[in-house]
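Trainee: I'm passing along input.cif; it holds mmCIF, C-alpha atoms and all ligand atoms.
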```cif
data_query
loop_
_atom_site.label_atom_id
_atom_site.label_comp_id
_atom_site.auth_asym_id
_atom_site.auth_seq_id
_atom_site.Cartn_x
_atom_site.Cartn_y
_atom_site.Cartn_z
CA MET A 1 -11.23 239.69 219.94
CA PRO A 2 -11.06 236.81 217.40
CA ILE A 3 -14.42 235.35 216.43
CA THR A 4 -14.84 231.72 217.49
CA LYS A 5 -18.58 231.37 217.95
CA ALA A 6 -21.25 230.77 215.35
CA VAL A 7 -24.99 230.66 215.82
CA ILE A 8 -27.03 228.62 213.37
CA PRO A 9 -30.78 229.30 213.51
CA ALA A 10 -32.74 226.23 212.40
CA ALA A 11 -36.05 226.61 214.19
CA GLY A 12 -38.26 228.01 211.44
CA LEU A 13 -41.43 226.20 210.42
CA GLY A 14 -40.40 225.82 206.78
CA THR A 15 -43.95 226.30 205.53
CA ARG A 16 -42.80 226.89 201.95
CA PHE A 17 -41.68 223.27 201.88
CA LEU A 18 -44.76 221.56 203.28
CA PRO A 19 -45.58 218.70 203.38
CA ALA A 20 -41.89 217.64 203.43
CA THR A 21 -41.35 219.74 206.55
CA LYS A 22 -44.39 218.46 208.44
CA ALA A 23 -42.31 216.11 210.61
CA MET A 24 -38.75 217.08 209.63
CA PRO A 25 -36.82 220.37 209.80
CA LYS A 26 -36.20 221.88 206.35
CA GLU A 27 -32.52 222.12 207.28
CA MET A 28 -32.41 218.29 207.01
CA LEU A 29 -33.52 218.25 203.36
CA PRO A 30 -30.70 216.57 201.42
CA VAL A 31 -28.73 218.36 198.74
CA VAL A 32 -27.63 215.23 196.84
CA ASP A 33 -26.72 213.00 199.82
CA THR A 34 -25.93 215.52 202.56
CA PRO A 35 -28.45 217.56 204.55
CA ALA A 36 -28.35 221.31 203.94
CA ILE A 37 -27.38 221.97 207.56
CA GLN A 38 -24.16 219.96 207.20
CA TYR A 39 -22.92 222.21 204.39
CA VAL A 40 -23.58 225.19 206.68
CA VAL A 41 -21.70 223.63 209.61
CA GLU A 42 -18.80 222.72 207.28
CA GLU A 43 -18.66 226.34 206.06
CA ALA A 44 -18.47 227.64 209.64
CA VAL A 45 -15.66 225.20 210.45
CA ARG A 46 -13.76 226.19 207.27
CA ALA A 47 -13.97 229.83 208.41
CA GLY A 48 -12.22 228.86 211.66
CA LEU A 49 -15.28 228.90 213.94
CA SER A 50 -15.00 226.15 216.52
CA ASP A 51 -17.88 226.74 218.92
CA LEU A 52 -21.23 226.30 217.21
CA LEU A 53 -24.67 226.86 218.72
CA MET A 54 -27.69 225.61 216.83
CA VAL A 55 -31.08 227.13 217.56
CA THR A 56 -33.61 224.36 217.08
CA GLY A 57 -37.34 224.07 217.44
CA ARG A 58 -39.96 221.38 217.08
CA ASN A 59 -38.75 218.17 215.41
CA LYS A 60 -35.22 218.94 216.59
CA ASN A 61 -34.24 215.30 217.02
CA ALA A 62 -33.14 214.71 213.45
CA LEU A 63 -30.76 217.69 213.62
CA GLU A 64 -29.14 216.60 216.87
CA ASN A 65 -28.95 212.97 215.78
CA HIS A 66 -27.26 213.90 212.53
CA PHE A 67 -24.29 215.42 214.38
CA ASP A 68 -24.21 212.71 217.07
CA ARG A 69 -22.65 209.23 216.98
CA ALA A 70 -24.60 206.48 215.24
CA THR A 71 -22.89 203.56 216.95
CA GLU A 72 -25.00 200.73 215.46
CA LEU A 73 -24.56 202.07 211.95
CA GLU A 74 -20.84 202.59 212.51
CA ALA A 75 -20.42 199.00 213.81
CA MET A 76 -22.38 197.60 210.86
CA LEU A 77 -20.32 199.51 208.27
CA GLU A 78 -17.10 198.58 210.05
CA ALA A 79 -18.05 194.89 210.08
CA LYS A 80 -18.78 195.10 206.35
CA GLY A 81 -15.47 196.86 205.71
CA ASP A 82 -17.33 199.73 204.02
CA GLN A 83 -14.76 202.40 204.82
CA ARG A 84 -16.12 205.02 202.43
CA ARG A 85 -19.60 205.07 203.94
CA LEU A 86 -18.20 204.81 207.46
CA GLU A 87 -16.19 207.97 206.81
CA ALA A 88 -19.31 209.70 205.48
CA VAL A 89 -21.19 208.76 208.66
CA LEU A 90 -18.36 209.87 210.96
CA ARG A 91 -17.75 213.13 209.13
CA SER A 92 -20.75 214.97 210.56
CA THR A 93 -20.05 213.55 214.04
CA ASN A 94 -16.50 214.83 214.13
CA LEU A 95 -17.00 218.19 212.43
CA ALA A 96 -17.28 220.51 215.43
CA THR A 97 -18.42 220.95 219.00
CA LEU A 98 -22.12 221.63 218.67
CA HIS A 99 -24.37 223.10 221.33
CA TYR A 100 -28.12 223.40 221.15
CA VAL A 101 -30.67 225.83 222.45
CA ARG A 102 -34.38 225.64 221.87
CA GLN A 103 -36.56 228.40 220.48
CA ARG A 104 -39.91 227.41 221.93
CA ASP A 105 -42.02 229.39 219.51
CA PRO A 106 -40.82 230.44 216.05
CA LEU A 107 -41.33 234.14 216.69
CA GLY A 108 -38.84 235.23 214.03
CA LEU A 109 -35.15 235.23 213.18
CA GLY A 110 -34.40 238.09 215.60
CA HIS A 111 -36.03 236.09 218.39
CA ALA A 112 -34.01 232.98 217.38
CA VAL A 113 -30.72 234.94 217.53
CA LEU A 114 -31.68 236.31 220.94
CA ARG A 115 -31.82 232.69 222.26
CA ALA A 116 -28.01 232.65 221.79
CA GLN A 117 -27.33 235.50 224.19
CA MET A 118 -26.36 233.37 227.21
CA HIS A 119 -24.03 231.21 225.13
CA VAL A 120 -22.37 234.03 223.21
CA GLY A 121 -21.88 236.51 226.05
CA HIS A 122 -20.20 239.81 225.25
CA GLU A 123 -18.21 238.96 222.15
CA PRO A 124 -18.74 239.29 218.41
CA PHE A 125 -20.15 236.18 216.73
CA ALA A 126 -21.20 234.84 213.36
CA VAL A 127 -24.72 233.84 212.34
CA LEU A 128 -25.27 231.37 209.49
CA LEU A 129 -28.83 230.55 208.47
CA GLY A 130 -29.31 226.81 208.44
CA ASP A 131 -31.14 226.72 205.11
CA ASP A 132 -28.93 229.17 203.22
CA LEU A 133 -26.07 227.59 201.26
CA ILE A 134 -22.99 229.39 199.99
CA ASP A 135 -21.18 227.32 197.38
CA GLU A 136 -17.91 226.15 198.90
CA ARG A 137 -16.04 227.33 195.78
CA ASP A 138 -16.97 230.93 196.67
CA VAL A 139 -15.62 232.74 199.72
CA LEU A 140 -17.89 234.88 201.88
CA LEU A 141 -17.69 234.31 205.63
CA GLU A 142 -13.89 234.61 205.80
CA ARG A 143 -14.14 237.95 203.99
CA MET A 144 -16.87 239.15 206.38
CA ILE A 145 -14.74 238.22 209.39
CA ALA A 146 -11.78 240.10 207.88
CA VAL A 147 -13.98 243.20 207.36
CA HIS A 148 -15.26 242.90 210.92
CA ASP A 149 -11.68 242.81 212.20
CA MET A 150 -10.82 245.84 210.07
CA LYS A 151 -13.85 247.97 211.03
CA ASN A 152 -14.73 246.55 214.47
CA ALA A 153 -18.36 246.70 213.41
CA THR A 154 -21.28 244.47 212.47
CA VAL A 155 -20.95 243.03 208.97
CA ILE A 156 -23.75 241.53 206.90
CA ALA A 157 -23.81 239.84 203.50
CA LEU A 158 -25.60 241.47 200.58
CA MET A 159 -26.47 240.22 197.13
CA GLU A 160 -27.94 242.03 194.13
CA VAL A 161 -31.47 240.89 193.34
CA GLU A 162 -33.93 241.71 190.56
CA PRO A 163 -36.15 244.69 191.54
CA GLN A 164 -39.26 242.48 191.27
CA ALA A 165 -37.81 240.10 193.91
CA ALA A 166 -36.88 242.83 196.44
CA HIS A 167 -40.13 242.43 198.40
CA LEU A 168 -38.96 238.95 199.49
CA TYR A 169 -35.82 240.16 201.28
CA GLY A 170 -34.39 242.63 203.75
CA ILE A 171 -33.12 245.51 201.58
CA ALA A 172 -30.26 247.88 202.45
CA THR A 173 -29.65 251.57 201.86
CA VAL A 174 -25.90 251.97 201.38
CA GLU A 175 -22.96 254.33 200.88
CA THR A 176 -19.74 253.33 199.14
CA THR A 177 -16.48 252.84 201.05
CA ASP A 178 -12.85 252.72 199.95
CA LEU A 179 -13.24 248.95 199.40
CA ASP A 180 -14.95 247.77 196.18
CA ASP A 181 -16.89 244.92 197.77
CA VAL A 182 -17.79 246.72 201.02
CA VAL A 183 -20.55 249.29 201.65
CA LYS A 184 -21.60 251.21 204.74
CA ILE A 185 -25.22 250.56 205.59
CA THR A 186 -27.34 253.54 206.52
CA GLY A 187 -30.69 251.74 206.77
CA LEU A 188 -32.44 248.41 206.33
CA VAL A 189 -36.03 247.48 205.67
CA GLU A 190 -37.51 243.96 205.83
CA LYS A 191 -39.65 242.88 202.87
CA PRO A 192 -40.43 246.36 201.46
CA ALA A 193 -43.76 246.71 199.63
CA SER A 194 -43.40 246.26 195.85
CA GLY A 195 -41.86 249.32 194.21
CA THR A 196 -40.61 250.88 197.47
CA ALA A 197 -37.23 249.10 197.87
CA PRO A 198 -34.43 251.61 198.53
CA SER A 199 -31.92 249.55 196.48
CA ASN A 200 -31.44 246.15 194.84
CA LEU A 201 -29.07 244.95 197.61
CA ALA A 202 -30.69 242.14 199.58
CA VAL A 203 -29.59 240.69 202.90
CA ILE A 204 -28.58 237.01 202.68
CA GLY A 205 -28.03 234.51 205.48
CA ARG A 206 -24.56 235.33 206.81
CA TYR A 207 -23.86 237.87 209.55
CA VAL A 208 -20.99 238.86 211.83
CA LEU A 209 -22.66 240.61 214.73
CA GLN A 210 -21.48 242.79 217.56
CA PRO A 211 -22.95 241.69 220.93
CA GLU A 212 -24.73 245.05 221.18
CA ILE A 213 -27.36 243.44 218.94
CA PHE A 214 -28.78 241.55 221.97
CA PRO A 215 -30.27 244.44 223.98
CA ILE A 216 -31.54 245.89 220.72
CA LEU A 217 -33.31 242.63 219.81
CA GLU A 218 -34.77 242.46 223.31
CA ALA A 219 -36.42 245.81 222.66
CA THR A 220 -37.43 245.03 219.06
CA LYS A 221 -41.17 244.75 218.51
CA PRO A 222 -42.65 242.29 216.02
CA GLY A 223 -42.35 243.67 212.49
CA SER A 224 -42.97 242.22 209.02
CA GLY A 225 -45.14 239.09 209.21
CA GLY A 226 -45.67 239.65 212.95
CA GLU A 227 -42.14 238.28 213.59
CA ILE A 228 -39.23 239.76 215.54
CA GLN A 229 -36.98 240.57 212.62
CA LEU A 230 -33.19 240.52 212.78
CA THR A 231 -33.30 243.13 209.99
CA ASP A 232 -35.10 245.57 212.32
CA GLY A 233 -32.41 245.08 215.00
CA LEU A 234 -29.70 245.64 212.38
CA ASN A 235 -31.48 248.76 211.18
CA ALA A 236 -31.30 250.15 214.74
CA LEU A 237 -27.54 249.36 214.87
CA ALA A 238 -27.04 251.05 211.48
CA THR A 239 -29.13 254.19 211.99
CA GLY A 240 -27.79 254.74 215.52
CA ASP A 241 -24.22 253.96 214.35
CA ILE A 242 -24.00 251.71 217.43
CA ALA A 243 -20.86 249.62 218.09
CA GLY A 244 -19.24 250.71 214.83
CA GLY A 245 -22.45 250.66 212.78
CA VAL A 246 -23.12 248.12 210.04
CA TYR A 247 -21.13 247.27 206.91
CA GLY A 248 -22.16 245.07 204.02
CA VAL A 249 -19.98 242.70 202.01
CA ILE A 250 -21.37 242.37 198.49
CA PHE A 251 -21.35 238.74 197.44
CA SER A 252 -21.50 237.78 193.80
CA GLY A 253 -20.96 234.02 194.10
CA ARG A 254 -23.36 231.08 194.19
CA ARG A 255 -25.96 231.06 196.96
CA TYR A 256 -29.06 228.92 197.41
CA ASP A 257 -32.01 229.35 199.73
CA THR A 258 -32.83 225.68 200.23
CA GLY A 259 -36.05 226.67 201.98
CA ASP A 260 -37.34 227.81 198.58
CA ARG A 261 -38.34 224.97 196.27
CA LEU A 262 -36.91 226.41 193.05
CA ASP A 263 -33.61 227.41 194.69
CA TYR A 264 -33.44 223.97 196.30
CA LEU A 265 -33.64 222.30 192.89
CA LYS A 266 -30.92 224.65 191.58
CA ALA A 267 -28.70 223.78 194.55
CA ILE A 268 -29.04 220.08 193.82
CA VAL A 269 -28.14 220.55 190.15
CA GLN A 270 -25.13 222.78 190.98
CA VAL A 271 -23.77 220.46 193.65
CA ALA A 272 -24.47 217.23 191.77
CA THR A 273 -22.88 218.42 188.52
CA SER A 274 -19.71 219.50 190.36
CA ARG A 275 -19.31 216.16 192.18
CA GLU A 276 -16.62 213.82 190.89
CA ASP A 277 -18.65 210.70 191.62
CA LEU A 278 -21.95 211.84 190.06
CA GLY A 279 -21.19 214.88 187.93
CA PRO A 280 -20.19 213.31 184.59
CA ASP A 281 -23.15 210.89 184.46
CA PHE A 282 -25.63 213.46 185.72
CA LEU A 283 -24.44 216.11 183.26
CA ALA A 284 -24.68 213.68 180.36
CA TRP A 285 -28.26 212.86 181.38
CA LEU A 286 -29.09 216.57 181.89
CA ARG A 287 -27.88 217.42 178.39
CA GLN A 288 -30.05 214.67 176.92
CA PHE A 289 -33.00 215.83 179.01
CA MET A 290 -32.57 219.45 177.88
CA ALA A 291 -32.33 218.39 174.24
CA THR A 292 -35.75 216.75 174.45
CA HIS A 293 -37.51 219.42 176.53
P1 LIG B 301 -37.07 231.62 207.03
O1 LIG B 301 -37.92 232.81 207.05
O2 LIG B 301 -36.53 231.14 205.74
O3 LIG B 301 -37.75 230.37 207.77
O4 LIG B 301 -35.93 231.82 208.09
P2 LIG B 301 -39.21 229.84 207.88
O5 LIG B 301 -40.06 230.80 208.60
O6 LIG B 301 -39.03 228.48 208.46
O7 LIG B 301 -39.63 229.68 206.35
P3 LIG B 301 -41.06 229.57 205.67
O8 LIG B 301 -41.27 230.94 205.08
O9 LIG B 301 -42.08 229.17 206.71
O10 LIG B 301 -40.90 228.50 204.62
C1 LIG B 301 -34.54 231.78 207.81
C2 LIG B 301 -33.78 230.97 208.85
O11 LIG B 301 -34.12 231.39 210.17
C3 LIG B 301 -34.61 230.30 210.94
C4 LIG B 301 -35.05 229.26 209.92
O12 LIG B 301 -34.97 227.95 210.46
C5 LIG B 301 -34.08 229.47 208.77
O13 LIG B 301 -32.89 228.76 208.98
N1 LIG B 301 -35.70 230.78 211.83
C6 LIG B 301 -36.72 231.52 211.32
C7 LIG B 301 -35.66 230.45 213.16
O14 LIG B 301 -34.72 229.77 213.63
N2 LIG B 301 -36.67 230.87 213.95
C8 LIG B 301 -37.71 231.61 213.49
O15 LIG B 301 -38.61 231.96 214.30
C9 LIG B 301 -37.74 231.93 212.14
#
```
Any chance you could give the structure as structure tokens?
Mentor:
Amino acid sequence: MPITKAVIPAAGLGTRFLPATKAMPKEMLPVVDTPAIQYVVEEAVRAGLSDLLMVTGRNKNALENHFDRATELEAMLEAKGDQRRLEAVLRSTNLATLHYVRQRDPLGLGHAVLRAQMHVGHEPFAVLLGDDLIDERDVLLERMIAVHDMKNATVIALMEVEPQAAHLYGIATVETTDLDDVVKITGLVEKPASGTAPSNLAVIGRYVLQPEIFPILEATKPGSGGEIQLTDGLNALATGDIAGGVYGVIFSGRRYDTGDRLDYLKAIVQVATSREDLGPDFLAWLRQFMATH
């Protein structure tokens, strides 16, 4: 069955970014002039996903408004003849059909994904974390969908991390396969205690899930941080070899966790320097700045 649905969790509290996230979801933080969530929606659309469900929480209005019409603004820009900005405003409105479901309490990523059960039904679907950016010059989701089609199994994205950073991620135990960039996952652990990580392969925010994840998440008890962890549900799929088990696609491109302040700054520099309109001036300034610091 071809994958058409994507779930975008965006209901976390974003405490690492307080006070900016006191009254605004972290997914609305701009990377240059576009909120992080728009890059994520654009990535899903590029991968051919046409039915998008966003899981929102408190302060959801900004997210919904961003993908809705802004008729007054459109009329004002039209009257001024400002075609370029009008196109920028209309772009997010016309990107995709978006649906919304509310996660009343941020009880964890696994709990957020479970909110999508009614909408998704019994078909495989993609999950893209709303604060996790994959540089559009690097391909990931398309490859994961291709591996899903090949294996008829759950596929997650993995990235090598420094051993001292492993305690911040879900970490996978893996076996090689006949494909260089694909591994079979035999176990997963969320935020392992320092020095206990089974590998340096960390789970990042892209997933292609079999619907069998839903009953597993329903039965998953709160884990690391007292939250219902998607990693724990995936571990059950992997260790039980349920619905084809779990495969990992190893990603070596550019990825930014915009919910982390340092990564957020890196994302802005990467995106700004690659932009035609800002890149040359920004790079020239950056070089000067680096020379004096
Ligand atoms: P994070 O763990 O980065 O989100 O979740 P957080 O809890 O908001 O972050 P901090 O640690 O407090 O700063 C990754 C993704 O999962 C979503 C988040 O919105 C983010 O896109 N999420 C997380 C939910 O939708 N619901 C949750 O209960 C938790």
Trainee: Which residue, A:Gly226, A:Pro192, A:Pro163, A:Gly48, has the smallest gap to ligand LIG 301 (chain B) when you use all atoms listed in the file?
Mentor: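 Result for the nearest residue to ligand LIG 301 (chain B): A:Gly226.
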Trainee: Have a look at CA of Ala126 in chain A and CA of Asp181 in chain A and let me know their distance in Å, one decimal.
Mentor: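 So the answer is 19.1 Å.
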Trainee: What does the list of residues within 8 Å of ligand LIG 301 (chain B) look like if you count all atoms listed in the file, written as a ChimeraX atom specification?
Mentor: /A:8-17,25-27,55-57,103,105-113,129-132,205,227-228,257,259-260
Trainee: Pull C-alpha atoms from the residues just selected and write them as a short mmCIF file (atom, residue, chain, number, x, y, z; two decimals), in the frame of the given file.
Mentor:
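Written out: selection-v3.cif:
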```cif
data_model
loop_
_atom_site.label_atom_id
_atom_site.label_comp_id
_atom_site.auth_asym_id
_atom_site.auth_seq_id
_atom_site.Cartn_x
_atom_site.Cartn_y
_atom_site.Cartn_z
CA ILE A 8 -27.03 228.62 213.37
CA PRO A 9 -30.78 229.30 213.51
CA ALA A 10 -32.74 226.23 212.40
CA ALA A 11 -36.05 226.61 214.19
CA GLY A 12 -38.26 228.01 211.44
CA LEU A 13 -41.43 226.20 210.42
CA GLY A 14 -40.40 225.82 206.78
CA THR A 15 -43.95 226.30 205.53
CA ARG A 16 -42.80 226.89 201.95
CA PHE A 17 -41.68 223.27 201.88
CA PRO A 25 -36.82 220.37 209.80
CA LYS A 26 -36.20 221.88 206.35
CA GLU A 27 -32.52 222.12 207.28
CA VAL A 55 -31.08 227.13 217.56
CA THR A 56 -33.61 224.36 217.08
CA GLY A 57 -37.34 224.07 217.44
CA GLN A 103 -36.56 228.40 220.48
CA ASP A 105 -42.02 229.39 219.51
CA PRO A 106 -40.82 230.44 216.05
CA LEU A 107 -41.33 234.14 216.69
CA GLY A 108 -38.84 235.23 214.03
CA LEU A 109 -35.15 235.23 213.18
CA GLY A 110 -34.40 238.09 215.60
CA HIS A 111 -36.03 236.09 218.39
CA ALA A 112 -34.01 232.98 217.38
CA VAL A 113 -30.72 234.94 217.53
CA LEU A 129 -28.83 230.55 208.47
CA GLY A 130 -29.31 226.81 208.44
CA ASP A 131 -31.14 226.72 205.11
CA ASP A 132 -28.93 229.17 203.22
CA GLY A 205 -28.03 234.51 205.48
CA GLU A 227 -42.14 238.28 213.59
CA ILE A 228 -39.23 239.76 215.54
CA ASP A 257 -32.01 229.35 199.73
CA GLY A 259 -36.05 226.67 201.98
CA ASP A 260 -37.34 227.81 198.58
#
```
Trainee: Between A:Ala44, A:Val174, A:Ala36, A:Ala146, which is the closest to His66 in chain A once you count only C-alpha atoms?
Mentor: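 Once distances to His66 in chain A are computed over only C-alpha atoms, the minimum belongs to A:Ala36.
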Trainee: Which one is closest to Glu136 in chain A: A:Ser274, A:Ser194, A:Thr231, A:Ser92? Count only C-alpha atoms.
Mentor: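 So, comparing all the options, the nearest one is A:Ser274.
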Trainee: Of the candidates A:Asn152, A:Thr186, A:Thr196, A:Gln288, which one gets nearest to Ala165 in chain A if we count all atoms listed in the file?
Mentor: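 Comparing A:Asn152, A:Thr186, A:Thr196, A:Gln288 against Ala165 in chain A, the winner is A:Thr196.
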